[in-house]
Amino acid sequence: MHFRPYGIIPAMVTPLNGDESLDELALRRLVNYLIAGGVHGLFAVGSQGEAYALTTEEKRRVLETVVDEVHGRVPVYAGTGAVTTSETIALTRMAEGVGVDAVSVITPYFISPSQEELYEHYVAVAACTHLPVILYPTQARTHVNLSPDLVARLSRIDNIVGIKDSTGDLTLTTEYIRRTEPGFSVLMGRDTLIYAALASGASGSIAATANVAPSLVVEIYEAFSAGDVERARQAQFRLAPLRLAFEMGTFPVVIKEALALIGVCSARAKAPVGPLPEARRQELRRILLEMGILQEP
C-alpha cells in the first residue's frame with residue numbers, strides 16, 4: 001500500500017454544545033482553523049476527541065462533518081478502536097463507508113490482551129477494510145502496550161502502514177523505527193517529544209496541542225524537514241508549556257479550555273469531566289498569552 005502518514009496531524013477535539021450534543025458549526029470552524037495552520041492531516045474521534053464517550057451515531061456524524069468540510073484538502077484519519085474486535089471492525093467499516101482516508105486503532109482497553117491476542121486483533125481489523133490502518137498504543141490509558149517484536153510483525157501486513165506511539169518512551173519509539181518495514185510510519189504521540197522523534201527517524205506526529213497551536217507544531221516538522229534543526233528545536237521548546245499544562249485538568253478539558261479562550265469552540269466536555277477552576281483557567285490564559293496564541297484585548 002502506497003499511503004504513508006506523515007507530518008503534523010492534530011488529534012482533534014469534538015466540539016460540544018452545552019447539552020453535550022455535537023456542535024457541528026464549531027467542528028467545521030475547527031477544521032478550517034487547523035488547515036489554515038498548515039497541518040498535513042486531521043485525526044477525528046480519537047481519545048482527544050472523546051471517542052470513549054461518543055455513541056456510534058455521534059462518531060458517524062463527526063466523521064461525516066469532517067470529511068465534508070475537509071473536501072479532500074488533507075487526509076482524514078478516524079479513530080475506530082474499541083474493546084472488542086467485533087466492535088472495532090464495525091466502526092472501521094462505518095468509517096470506510098463515510099469516506100475517511102485511514103483509520104487509527106487504539107489497543108483494547110479495560111482488558112489486557114496478550115501480544116498474540118493483539119496480533120490476531122489487528123490482523124482481523126486490517127483484513128476487514130481496504131483502508132490504511134495505524135496502530136495506536138497509549139499505555140498510560142489502556143495499560144496495554146505493543147512490543148517492538150509485535151509491531152515488526154504487524155508492519156509486514158500490507159495495509160498496516162504506521163503506528164502512533166503515545167507512550168512517551170523514546171527508546172521504544174526508536175525500536176519501532178529500527179525494527180519495522182521500510183515505508184512504515186512511526187508517528188509521535190507525545191507532543192513534547194516531536195523534535196526528538198523526528199531526529200530518530202519518525203515520520204511526524206499526531207498531536208493534541210496542534211488543535212490550539214497548529215502553525216507552531218507544523219513549524220517543528222517543516223523546519224526539521226528543511227534542515228533547520230535549531231529552529232525546529234526552538235519551536236519544540238515554545239510548545240512545551242502548552243503540553244505540560246495538560247496536568248491542570250481532567251483529560252481532555254485543557255485543550256478545550258484553550259480553544260474556548262481563543263474563540264474556536266466551547267470548553268464543554270462529556271460529563272463527568274468538568275471545566276477548569278477559574279484560577280487554572282487564568283493560568284492557562286497566561287500560557288497562551290506568553291506563547292503569542294492569545295492576544296490581550
# chains A, B, ... in the order shown; residues from 1 in each chain; ligands from 1
call {"tool": "residues_around", "arguments": {"residues": "region 8-22 of chain A", "least_positions_apart": "5", "cutoff": "6 Å", "atoms": "only C-alpha atoms", "output": "ChimeraX atom specification"}}
result
/A:27,39-44,48-49,204-208,210-211,218,265,268
call {"tool": "closest_residue", "arguments": {"among": "A:Val83, A:Ala127, A:Val133, A:Ala258", "to": "Phe246 (chain A)", "atoms": "only C-alpha atoms"}}
result
A:Ala258
call {"tool": "residues_around", "arguments": {"residues": "region 71-81 of chain A", "least_positions_apart": "4", "cutoff": "6 Å", "atoms": "only C-alpha atoms", "output": "list of chain:residue names"}}
result
A:Gly41, A:Leu42, A:Phe43, A:Ala44, A:Val45, A:Gly46, A:Thr88, A:Leu91, A:Thr92, A:Val100, A:Asp101, A:Ala102, A:Val103, A:Ser104, A:Val105, A:Ile106
call {"tool": "write_last_selection", "arguments": {"atoms": "C-alpha atoms", "output": "CSV table (one decimal), in the first residue's frame"}}
result
chain,number,residue,atom,x,y,z
A,41,GLY,CA,-4.0,15.7,8.0
A,42,LEU,CA,-6.8,15.6,10.6
A,43,PHE,CA,-7.5,12.8,13.1
A,44,ALA,CA,-11.1,12.7,14.4
A,45,VAL,CA,-12.8,10.7,17.1
A,46,GLY,CA,-9.6,9.6,18.8
A,88,THR,CA,-13.6,-2.3,16.1
A,91,LEU,CA,-16.5,1.0,13.5
A,92,THR,CA,-13.8,0.6,10.9
A,100,VAL,CA,-12.2,8.7,5.6
A,101,ASP,CA,-8.7,8.1,4.2
A,102,ALA,CA,-7.3,5.9,7.1
A,103,VAL,CA,-8.1,4.6,10.5
A,104,SER,CA,-6.2,4.6,13.8
A,105,VAL,CA,-7.0,1.6,16.1
A,106,ILE,CA,-6.2,2.0,19.8
call {"tool": "closest_residue", "arguments": {"among": "A:Leu135, A:Ile160, A:Leu187, A:Val212", "to": "Val31 (chain A)", "atoms": "only C-alpha atoms"}}
result
A:Val212
call {"tool": "residues_around", "arguments": {"residues": "Ile177 (chain A)", "least_positions_apart": "3", "cutoff": "8 Å", "atoms": "only C-alpha atoms", "output": "VMD selection string"}}
result
chain A and resid 173 to 174 180 185 to 186 200 to 202
call {"tool": "write_last_selection", "arguments": {"atoms": "N, CA and C atoms", "output": "PDB file, in the first residue's frame"}}
result
ATOM      1  N   THR A 173      10.078   4.115  20.999  1.00  0.00           N
ATOM      2  CA  THR A 173       9.829   4.751  19.704  1.00  0.00           C
ATOM      3  C   THR A 173      10.926   4.408  18.707  1.00  0.00           C
ATOM      4  N   THR A 174      12.158   4.525  19.134  1.00  0.00           N
ATOM      5  CA  THR A 174      13.267   4.259  18.218  1.00  0.00           C
ATOM      6  C   THR A 174      13.342   2.781  17.844  1.00  0.00           C
ATOM      7  N   THR A 180      10.865  -1.933  12.091  1.00  0.00           N
ATOM      8  CA  THR A 180       9.733  -2.102  11.178  1.00  0.00           C
ATOM      9  C   THR A 180      10.162  -2.035   9.719  1.00  0.00           C
ATOM     10  N   SER A 185       5.329   4.080   8.886  1.00  0.00           N
ATOM     11  CA  SER A 185       5.422   5.390   9.530  1.00  0.00           C
ATOM     12  C   SER A 185       5.295   5.276  11.042  1.00  0.00           C
ATOM     13  N   VAL A 186       6.255   5.829  11.758  1.00  0.00           N
ATOM     14  CA  VAL A 186       6.153   5.959  13.207  1.00  0.00           C
ATOM     15  C   VAL A 186       5.852   7.413  13.514  1.00  0.00           C
ATOM     16  N   SER A 200      15.124  10.923  15.345  1.00  0.00           N
ATOM     17  CA  SER A 200      15.343   9.477  15.369  1.00  0.00           C
ATOM     18  C   SER A 200      14.771   8.777  14.140  1.00  0.00           C
ATOM     19  N   GLY A 201      14.105   9.535  13.259  1.00  0.00           N
ATOM     20  CA  GLY A 201      13.577   8.955  12.034  1.00  0.00           C
ATOM     21  C   GLY A 201      12.078   8.829  11.962  1.00  0.00           C
ATOM     22  N   ALA A 202      11.341   9.427  12.904  1.00  0.00           N
ATOM     23  CA  ALA A 202       9.879   9.392  12.854  1.00  0.00           C
ATOM     24  C   ALA A 202       9.371  10.176  11.649  1.00  0.00           C
TER      25      ALA A 202
END
call {"tool": "atom_distance", "arguments": {"atom1": "CA of Leu198 (chain A)", "atom2": "CA of Gly7 (chain A)"}}
result
9.9 Å
call {"tool": "atom_distance", "arguments": {"atom1": "CA of Gly162 (chain A)", "atom2": "CA of Glu57 (chain A)"}}
result
27.0 Å
call {"tool": "residues_around", "arguments": {"residues": "Ser147 (chain A)", "least_positions_apart": "5", "cutoff": "9 Å", "atoms": "only C-alpha atoms", "output": "PyMOL selection string"}}
result
chain A and resi 115+152+172+176
call {"tool": "write_last_selection", "arguments": {"atoms": "N, CA and C atoms", "output": "PDB file, in the first residue's frame"}}
result
ATOM      1  N   GLN A 115       0.204 -10.383  23.735  1.00  0.00           N
ATOM      2  CA  GLN A 115       0.734  -9.914  22.462  1.00  0.00           C
ATOM      3  C   GLN A 115       0.186 -10.737  21.294  1.00  0.00           C
ATOM      4  N   ALA A 152       6.840  -5.094  14.610  1.00  0.00           N
ATOM      5  CA  ALA A 152       7.599  -5.544  13.443  1.00  0.00           C
ATOM      6  C   ALA A 152       6.800  -6.566  12.637  1.00  0.00           C
ATOM      7  N   LEU A 172      11.504   3.061  23.163  1.00  0.00           N
ATOM      8  CA  LEU A 172      10.524   2.228  22.469  1.00  0.00           C
ATOM      9  C   LEU A 172      10.223   2.801  21.083  1.00  0.00           C
ATOM     10  N   TYR A 176      10.661   0.899  17.453  1.00  0.00           N
ATOM     11  CA  TYR A 176       9.640   0.779  16.404  1.00  0.00           C
ATOM     12  C   TYR A 176      10.221   1.211  15.057  1.00  0.00           C
TER      13      TYR A 176
END
call {"tool": "residues_around", "arguments": {"residues": "Met291 (chain A)", "least_positions_apart": "5", "cutoff": "10 Å", "atoms": "only C-alpha atoms", "output": "MDAnalysis selection string"}}
result
chainID A and resid 213 216 238:242 285:286
call {"tool": "write_last_selection", "arguments": {"atoms": "N, CA and C atoms", "output": "JSON list (two decimals), in the first residue's frame"}}
result
[["chain", "number", "residue", "atom", "x", "y", "z"],
["A", 213, "ALA", "N", -2.41, 25.26, 18.64],
["A", 213, "ALA", "CA", -1.26, 25.95, 18.03],
["A", 213, "ALA", "C", -0.79, 25.20, 16.79],
["A", 216, "LEU", "N", 2.53, 26.41, 15.03],
["A", 216, "LEU", "CA", 3.74, 26.18, 15.82],
["A", 216, "LEU", "C", 4.17, 24.72, 15.75],
["A", 238, "ARG", "N", 9.10, 26.11, 22.56],
["A", 238, "ARG", "CA", 7.99, 27.06, 22.71],
["A", 238, "ARG", "C", 6.67, 26.34, 22.93],
["A", 239, "LEU", "N", 6.55, 25.14, 22.37],
["A", 239, "LEU", "CA", 5.31, 24.37, 22.51],
["A", 239, "LEU", "C", 5.17, 23.74, 23.89],
["A", 240, "ALA", "N", 6.27, 23.45, 24.55],
["A", 240, "ALA", "CA", 6.26, 22.65, 25.77],
["A", 240, "ALA", "C", 5.28, 23.13, 26.84],
["A", 241, "PRO", "N", 5.19, 24.44, 27.14],
["A", 241, "PRO", "CA", 4.28, 24.84, 28.22],
["A", 241, "PRO", "C", 2.83, 24.44, 27.99],
["A", 242, "LEU", "N", 2.39, 24.42, 26.74],
["A", 242, "LEU", "CA", 1.00, 24.03, 26.46],
["A", 242, "LEU", "C", 0.80, 22.55, 26.74],
["A", 285, "ARG", "N", -4.65, 30.83, 30.43],
["A", 285, "ARG", "CA", -4.70, 32.06, 29.63],
["A", 285, "ARG", "C", -3.33, 32.73, 29.59],
["A", 286, "ARG", "N", -2.64, 32.75, 30.73],
["A", 286, "ARG", "CA", -1.30, 33.35, 30.78],
["A", 286, "ARG", "C", -0.34, 32.60, 29.85]]
call {"tool": "select_by_dssp", "arguments": {"residues": "region 57-281 of chain A", "states": "strand (DSSP E)", "output": "NGL selection string"}}
result
:A and (76-79 or 102-106 or 133-136 or 160-165 or 185-188 or 204-207)
call {"tool": "atom_distance", "arguments": {"atom1": "CA of Asp158 (chain A)", "atom2": "CA of Val98 (chain A)"}}
result
22.1 Å
